[in-house]
Amino acid sequence: MGADPVAAMNGDRPIGVAIVDDHPVVVDGVRAWLATEPRLTVLATGDDPDEVLRAAPEADVVLLDLRLHGRMALGKLAELSAAGRRVVVYSEHTDPETMLAALDAGAAAFLAKHEGREHCVATVLAAATDRPYVPPALAGAMVGDPRPDRPILSDKEREALLLWFQSMSKASVARRMRISEHTVKQYVDRARIKYTRAGRPAATKAALLARAIEDGLIRPEEIGIYRSQARYDRPTP
């Protein structure tokens, strides 16, 4: 859904963003933040996701307030994600349950409203090309949550997950580990199966990353490379 984000990240065109929020002051603030990054352009704003996306069907990233008109928008989030939209949830509700519910519903990332311009811009840039980014609120909510249903991953499974979270594709992980892409996929799928069996499914990359951080299998700083590189990185084949 949307135009080609790889072309955008290569500098051929700006990354298009649609902002959905029912507070005009928030919309104006976020628009101003995103305007500081020349590779981002706001295509449409409003308080109704359907209307906003009718106005900007080519948007690469949707920045979505999780609570619209007094109601949680998890259902709409799941609908947009299922339709192939890259959705960054932008919310004041930062309890771990809400964050993980949003990621389970398909959000590409979760950004707290109290987090500043730097994290907002970096999160949108990362989401445009399916890169993980963990802002401080999400990291703080996920780290150190002791769970009896934590799955046990092998060293290779953990390595594959970590490199996948740091990489653009499973193919690049395969090259780094000197194994086949099929084997990388097997490692990732195994991790997902283990979480499903533990009663904590993680269907999306963002949700799987959150589970791994929750359980201490991945540390936020291990993928923090994108905080410093999001502004300069270009996709690799």
# chains A, B, ... in the order shown; residues from 1 in each chain; ligands from 1
>>> residues_around(residues="region 156-162 of chain A", least_positions_apart="2", cutoff="7 Å", atoms="only C-alpha atoms", output="ChimeraX atom specification")
/A:153-154,164-166,173,184,187-188,191,218
>>> residues_around(residues="region 106-118 of chain A", least_positions_apart="2", cutoff="8 Å", atoms="only C-alpha atoms", output="PyMOL selection string")
chain A and resi 30+33-34+77-78+81-82+86-94+99+102-104+120-123+127+130+132-138+203-207
>>> write_last_selection(atoms="C-alpha atoms", output="tab-separated table (two decimals), in the first residue's frame")
chain	number	residue	atom	x	y	z
A	30	VAL	CA	3.83	16.72	14.56
A	33	TRP	CA	8.51	18.11	13.59
A	34	LEU	CA	8.30	16.13	10.37
A	77	LEU	CA	-5.31	-0.24	13.43
A	78	ALA	CA	-5.71	-3.95	12.67
A	81	SER	CA	-2.30	-3.13	8.94
A	82	ALA	CA	-4.13	-5.99	7.27
A	86	ARG	CA	2.65	0.87	7.70
A	87	VAL	CA	1.10	2.32	10.85
A	88	VAL	CA	3.02	4.10	13.60
A	89	VAL	CA	0.84	4.37	16.69
A	90	TYR	CA	1.21	7.73	18.43
A	91	SER	CA	-0.44	7.67	21.84
A	92	GLU	CA	-0.46	8.90	25.43
A	93	HIS	CA	-1.45	5.40	26.56
A	94	THR	CA	1.94	3.88	27.34
A	99	MET	CA	1.72	-1.06	23.62
A	102	ALA	CA	-0.99	-2.26	19.30
A	103	LEU	CA	2.01	-4.20	18.03
A	104	ASP	CA	-0.01	-7.42	18.00
A	120	CYS	CA	9.14	10.88	16.00
A	121	VAL	CA	11.23	11.49	12.88
A	122	ALA	CA	13.41	8.40	13.42
A	123	THR	CA	10.39	6.16	13.99
A	127	ALA	CA	8.74	2.36	9.60
A	130	ASP	CA	10.19	-1.90	7.76
A	132	PRO	CA	12.66	-1.66	13.79
A	133	TYR	CA	13.07	1.32	16.08
A	134	VAL	CA	12.51	1.28	19.84
A	135	PRO	CA	11.79	4.70	21.36
A	136	PRO	CA	12.53	5.05	25.10
A	137	ALA	CA	8.96	4.58	26.36
A	138	LEU	CA	8.56	1.31	24.51
A	203	ALA	CA	2.65	-12.25	14.01
A	204	THR	CA	4.48	-9.07	12.99
A	205	LYS	CA	8.15	-8.11	13.08
A	206	ALA	CA	7.40	-5.31	15.54
A	207	ALA	CA	5.49	-7.63	17.86
>>> atom_distance(atom1="CA of Pro24 (chain A)", atom2="CA of Leu53 (chain A)")
17.4 Å
>>> select_by_dssp(residues="region 25-134 of chain A", states="helix (DSSP H, G or I)", output="compact mmCIF listing (two decimals) with N, CA and C atoms, in the first residue's frame")
# COMPACT_ATOMS: atom_id res chain seq x y z
N VAL A 25 -3.91 20.71 17.77
CA VAL A 25 -2.62 21.19 18.26
C VAL A 25 -1.56 20.10 18.12
N VAL A 26 -1.94 18.83 18.31
CA VAL A 26 -1.00 17.72 18.13
C VAL A 26 -0.63 17.59 16.66
N VAL A 27 -1.63 17.67 15.80
CA VAL A 27 -1.37 17.57 14.36
C VAL A 27 -0.39 18.65 13.92
N ASP A 28 -0.62 19.89 14.39
CA ASP A 28 0.26 20.99 14.00
C ASP A 28 1.69 20.77 14.51
N GLY A 29 1.80 20.25 15.74
CA GLY A 29 3.12 20.00 16.30
C GLY A 29 3.87 18.92 15.56
N VAL A 30 3.18 17.82 15.27
CA VAL A 30 3.83 16.72 14.56
C VAL A 30 4.20 17.14 13.15
N ARG A 31 3.32 17.87 12.50
CA ARG A 31 3.63 18.36 11.15
C ARG A 31 4.91 19.21 11.17
N ALA A 32 5.05 20.05 12.18
CA ALA A 32 6.24 20.89 12.29
C ALA A 32 7.49 20.04 12.52
N TRP A 33 7.36 19.00 13.36
CA TRP A 33 8.51 18.11 13.59
C TRP A 33 8.94 17.43 12.29
N LEU A 34 7.97 16.87 11.58
CA LEU A 34 8.30 16.13 10.37
C LEU A 34 8.86 17.05 9.29
N PRO A 49 -9.55 8.19 9.98
CA PRO A 49 -8.57 7.47 9.17
C PRO A 49 -9.01 7.25 7.72
N ASP A 50 -10.27 6.91 7.51
CA ASP A 50 -10.75 6.65 6.15
C ASP A 50 -10.69 7.91 5.30
N GLU A 51 -11.12 9.02 5.86
CA GLU A 51 -11.10 10.27 5.11
C GLU A 51 -9.67 10.71 4.80
N VAL A 52 -8.79 10.56 5.77
CA VAL A 52 -7.40 10.97 5.57
C VAL A 52 -6.75 10.14 4.46
N LEU A 53 -7.01 8.84 4.46
CA LEU A 53 -6.38 7.98 3.46
C LEU A 53 -7.07 8.07 2.10
N ARG A 54 -8.31 8.50 2.08
CA ARG A 54 -8.92 8.80 0.78
C ARG A 54 -8.24 10.02 0.17
N ALA A 55 -7.84 10.95 1.03
CA ALA A 55 -7.15 12.15 0.55
C ALA A 55 -5.70 11.86 0.16
N LEU A 74 -7.99 0.25 18.16
CA LEU A 74 -7.25 -0.98 17.85
C LEU A 74 -7.84 -1.71 16.66
N GLY A 75 -9.17 -1.71 16.54
CA GLY A 75 -9.80 -2.37 15.41
C GLY A 75 -9.42 -1.72 14.09
N LYS A 76 -9.43 -0.40 14.05
CA LYS A 76 -9.03 0.31 12.83
C LYS A 76 -7.55 0.09 12.55
N LEU A 77 -6.73 0.05 13.59
CA LEU A 77 -5.31 -0.24 13.43
C LEU A 77 -5.12 -1.60 12.75
N ALA A 78 -5.82 -2.61 13.25
CA ALA A 78 -5.71 -3.95 12.67
C ALA A 78 -6.17 -3.95 11.22
N GLU A 79 -7.23 -3.21 10.93
CA GLU A 79 -7.75 -3.13 9.56
C GLU A 79 -6.74 -2.48 8.62
N LEU A 80 -6.14 -1.38 9.05
CA LEU A 80 -5.15 -0.71 8.22
C LEU A 80 -3.92 -1.58 8.01
N SER A 81 -3.48 -2.26 9.06
CA SER A 81 -2.30 -3.13 8.94
C SER A 81 -2.58 -4.30 8.02
N ALA A 82 -3.77 -4.87 8.13
CA ALA A 82 -4.13 -5.99 7.27
C ALA A 82 -4.20 -5.57 5.81
N PRO A 96 2.36 -1.16 29.24
CA PRO A 96 2.87 -2.26 28.40
C PRO A 96 1.77 -3.03 27.69
N GLU A 97 0.62 -3.23 28.35
CA GLU A 97 -0.45 -4.00 27.73
C GLU A 97 -0.96 -3.31 26.46
N THR A 98 -1.14 -2.00 26.54
CA THR A 98 -1.62 -1.26 25.37
C THR A 98 -0.59 -1.26 24.25
N MET A 99 0.67 -1.06 24.62
CA MET A 99 1.72 -1.06 23.62
C MET A 99 1.78 -2.38 22.87
N LEU A 100 1.78 -3.47 23.62
CA LEU A 100 1.89 -4.77 22.98
C LEU A 100 0.64 -5.10 22.18
N ALA A 101 -0.53 -4.67 22.68
CA ALA A 101 -1.77 -4.89 21.93
C ALA A 101 -1.70 -4.19 20.58
N ALA A 102 -1.13 -2.99 20.56
CA ALA A 102 -0.99 -2.26 19.30
C ALA A 102 -0.04 -2.98 18.35
N LEU A 103 1.07 -3.47 18.88
CA LEU A 103 2.01 -4.20 18.03
C LEU A 103 1.41 -5.50 17.54
N ASP A 104 0.66 -6.18 18.41
CA ASP A 104 -0.01 -7.42 18.00
C ASP A 104 -1.05 -7.16 16.91
N ARG A 117 10.75 15.28 18.99
CA ARG A 117 10.90 15.32 17.53
C ARG A 117 11.86 14.26 17.03
N GLU A 118 13.00 14.11 17.70
CA GLU A 118 14.01 13.16 17.22
C GLU A 118 13.43 11.76 17.09
N HIS A 119 12.72 11.32 18.12
CA HIS A 119 12.17 9.97 18.09
C HIS A 119 11.02 9.85 17.09
N CYS A 120 10.24 10.90 16.97
CA CYS A 120 9.14 10.88 16.00
C CYS A 120 9.68 10.72 14.58
N VAL A 121 10.65 11.54 14.22
CA VAL A 121 11.23 11.49 12.88
C VAL A 121 11.90 10.14 12.63
N ALA A 122 12.70 9.67 13.60
CA ALA A 122 13.41 8.40 13.42
C ALA A 122 12.44 7.24 13.29
N THR A 123 11.36 7.26 14.05
CA THR A 123 10.39 6.16 13.99
C THR A 123 9.70 6.12 12.65
N VAL A 124 9.31 7.27 12.12
CA VAL A 124 8.64 7.30 10.82
C VAL A 124 9.58 6.87 9.72
N LEU A 125 10.83 7.34 9.74
CA LEU A 125 11.81 6.91 8.74
C LEU A 125 12.03 5.41 8.78
N ALA A 126 12.13 4.86 9.99
CA ALA A 126 12.36 3.41 10.12
C ALA A 126 11.15 2.63 9.63
N ALA A 127 9.95 3.08 10.00
CA ALA A 127 8.74 2.36 9.60
C ALA A 127 8.56 2.34 8.09
N ALA A 128 9.01 3.39 7.42
CA ALA A 128 8.82 3.48 5.97
C ALA A 128 9.47 2.32 5.23
>>> select_by_dssp(residues="region 40-188 of chain A", states="strand (DSSP E or B)", output="PDB file with N, CA and C atoms, in the first residue's frame")
ATOM      1  N   LEU A  40      10.778  13.686   4.449  1.00  0.00           N
ATOM      2  CA  LEU A  40       9.411  13.421   4.867  1.00  0.00           C
ATOM      3  C   LEU A  40       8.495  14.538   4.401  1.00  0.00           C
ATOM      4  N   THR A  41       7.300  14.157   3.960  1.00  0.00           N
ATOM      5  CA  THR A  41       6.308  15.164   3.603  1.00  0.00           C
ATOM      6  C   THR A  41       4.937  14.716   4.100  1.00  0.00           C
ATOM      7  N   VAL A  42       4.204  15.604   4.728  1.00  0.00           N
ATOM      8  CA  VAL A  42       2.857  15.296   5.221  1.00  0.00           C
ATOM      9  C   VAL A  42       1.870  15.499   4.084  1.00  0.00           C
ATOM     10  N   LEU A  43       1.153  14.436   3.741  1.00  0.00           N
ATOM     11  CA  LEU A  43       0.235  14.474   2.606  1.00  0.00           C
ATOM     12  C   LEU A  43      -1.181  14.835   3.009  1.00  0.00           C
ATOM     13  N   ALA A  44      -1.583  14.428   4.216  1.00  0.00           N
ATOM     14  CA  ALA A  44      -2.952  14.701   4.647  1.00  0.00           C
ATOM     15  C   ALA A  44      -3.039  14.542   6.153  1.00  0.00           C
ATOM     16  N   THR A  45      -3.979  15.265   6.752  1.00  0.00           N
ATOM     17  CA  THR A  45      -4.218  15.152   8.187  1.00  0.00           C
ATOM     18  C   THR A  45      -5.724  15.168   8.440  1.00  0.00           C
ATOM     19  N   GLY A  46      -6.103  14.683   9.628  1.00  0.00           N
ATOM     20  CA  GLY A  46      -7.514  14.701   9.992  1.00  0.00           C
ATOM     21  C   GLY A  46      -7.786  13.769  11.141  1.00  0.00           C
ATOM     22  N   VAL A  61       3.450   5.996   5.268  1.00  0.00           N
ATOM     23  CA  VAL A  61       3.321   5.758   6.705  1.00  0.00           C
ATOM     24  C   VAL A  61       2.092   6.504   7.224  1.00  0.00           C
ATOM     25  N   VAL A  62       1.337   5.825   8.088  1.00  0.00           N
ATOM     26  CA  VAL A  62       0.203   6.456   8.758  1.00  0.00           C
ATOM     27  C   VAL A  62       0.576   6.638  10.224  1.00  0.00           C
ATOM     28  N   LEU A  63       0.566   7.874  10.697  1.00  0.00           N
ATOM     29  CA  LEU A  63       0.810   8.166  12.100  1.00  0.00           C
ATOM     30  C   LEU A  63      -0.560   8.267  12.765  1.00  0.00           C
ATOM     31  N   LEU A  64      -0.888   7.277  13.589  1.00  0.00           N
ATOM     32  CA  LEU A  64      -2.263   7.111  14.090  1.00  0.00           C
ATOM     33  C   LEU A  64      -2.351   7.291  15.600  1.00  0.00           C
ATOM     34  N   ASP A  65      -3.181   8.228  16.030  1.00  0.00           N
ATOM     35  CA  ASP A  65      -3.516   8.344  17.444  1.00  0.00           C
ATOM     36  C   ASP A  65      -4.356   7.127  17.805  1.00  0.00           C
ATOM     37  N   ARG A  67      -6.292   6.643  20.334  1.00  0.00           N
ATOM     38  CA  ARG A  67      -7.599   6.972  20.912  1.00  0.00           C
ATOM     39  C   ARG A  67      -8.208   8.132  20.125  1.00  0.00           C
ATOM     40  N   LEU A  68      -9.273   7.843  19.401  1.00  0.00           N
ATOM     41  CA  LEU A  68      -9.931   8.834  18.571  1.00  0.00           C
ATOM     42  C   LEU A  68     -11.364   9.041  19.045  1.00  0.00           C
ATOM     43  N   ARG A  71     -12.554   6.810  21.899  1.00  0.00           N
ATOM     44  CA  ARG A  71     -12.574   5.346  21.746  1.00  0.00           C
ATOM     45  C   ARG A  71     -11.223   4.846  21.248  1.00  0.00           C
ATOM     46  N   MET A  72     -10.816   3.691  21.778  1.00  0.00           N
ATOM     47  CA  MET A  72      -9.573   3.085  21.323  1.00  0.00           C
ATOM     48  C   MET A  72      -9.750   2.561  19.896  1.00  0.00           C
ATOM     49  N   ARG A  86       1.659   0.769   6.641  1.00  0.00           N
ATOM     50  CA  ARG A  86       2.649   0.874   7.705  1.00  0.00           C
ATOM     51  C   ARG A  86       2.131   1.905   8.705  1.00  0.00           C
ATOM     52  N   VAL A  87       1.729   1.444   9.870  1.00  0.00           N
ATOM     53  CA  VAL A  87       1.100   2.321  10.849  1.00  0.00           C
ATOM     54  C   VAL A  87       2.014   2.511  12.056  1.00  0.00           C
ATOM     55  N   VAL A  88       2.312   3.756  12.370  1.00  0.00           N
ATOM     56  CA  VAL A  88       3.016   4.095  13.599  1.00  0.00           C
ATOM     57  C   VAL A  88       1.968   4.618  14.577  1.00  0.00           C
ATOM     58  N   VAL A  89       1.785   3.922  15.678  1.00  0.00           N
ATOM     59  CA  VAL A  89       0.837   4.372  16.692  1.00  0.00           C
ATOM     60  C   VAL A  89       1.487   5.483  17.506  1.00  0.00           C
ATOM     61  N   TYR A  90       0.728   6.564  17.700  1.00  0.00           N
ATOM     62  CA  TYR A  90       1.208   7.734  18.433  1.00  0.00           C
ATOM     63  C   TYR A  90       0.200   7.991  19.539  1.00  0.00           C
ATOM     64  N   SER A  91       0.578   7.711  20.792  1.00  0.00           N
ATOM     65  CA  SER A  91      -0.442   7.673  21.843  1.00  0.00           C
ATOM     66  C   SER A  91       0.100   8.113  23.193  1.00  0.00           C
ATOM     67  N   ALA A 109       5.290   0.377  14.671  1.00  0.00           N
ATOM     68  CA  ALA A 109       6.027   0.927  15.808  1.00  0.00           C
ATOM     69  C   ALA A 109       5.045   1.611  16.743  1.00  0.00           C
ATOM     70  N   PHE A 110       5.509   1.883  17.960  1.00  0.00           N
ATOM     71  CA  PHE A 110       4.687   2.568  18.958  1.00  0.00           C
ATOM     72  C   PHE A 110       5.491   3.741  19.502  1.00  0.00           C
ATOM     73  N   LEU A 111       4.936   4.934  19.398  1.00  0.00           N
ATOM     74  CA  LEU A 111       5.605   6.153  19.837  1.00  0.00           C
ATOM     75  C   LEU A 111       4.736   6.843  20.876  1.00  0.00           C
ATOM     76  N   ALA A 112       5.316   7.165  22.023  1.00  0.00           N
ATOM     77  CA  ALA A 112       4.573   7.869  23.070  1.00  0.00           C
ATOM     78  C   ALA A 112       4.494   9.355  22.729  1.00  0.00           C
TER      79      ALA A 112
END
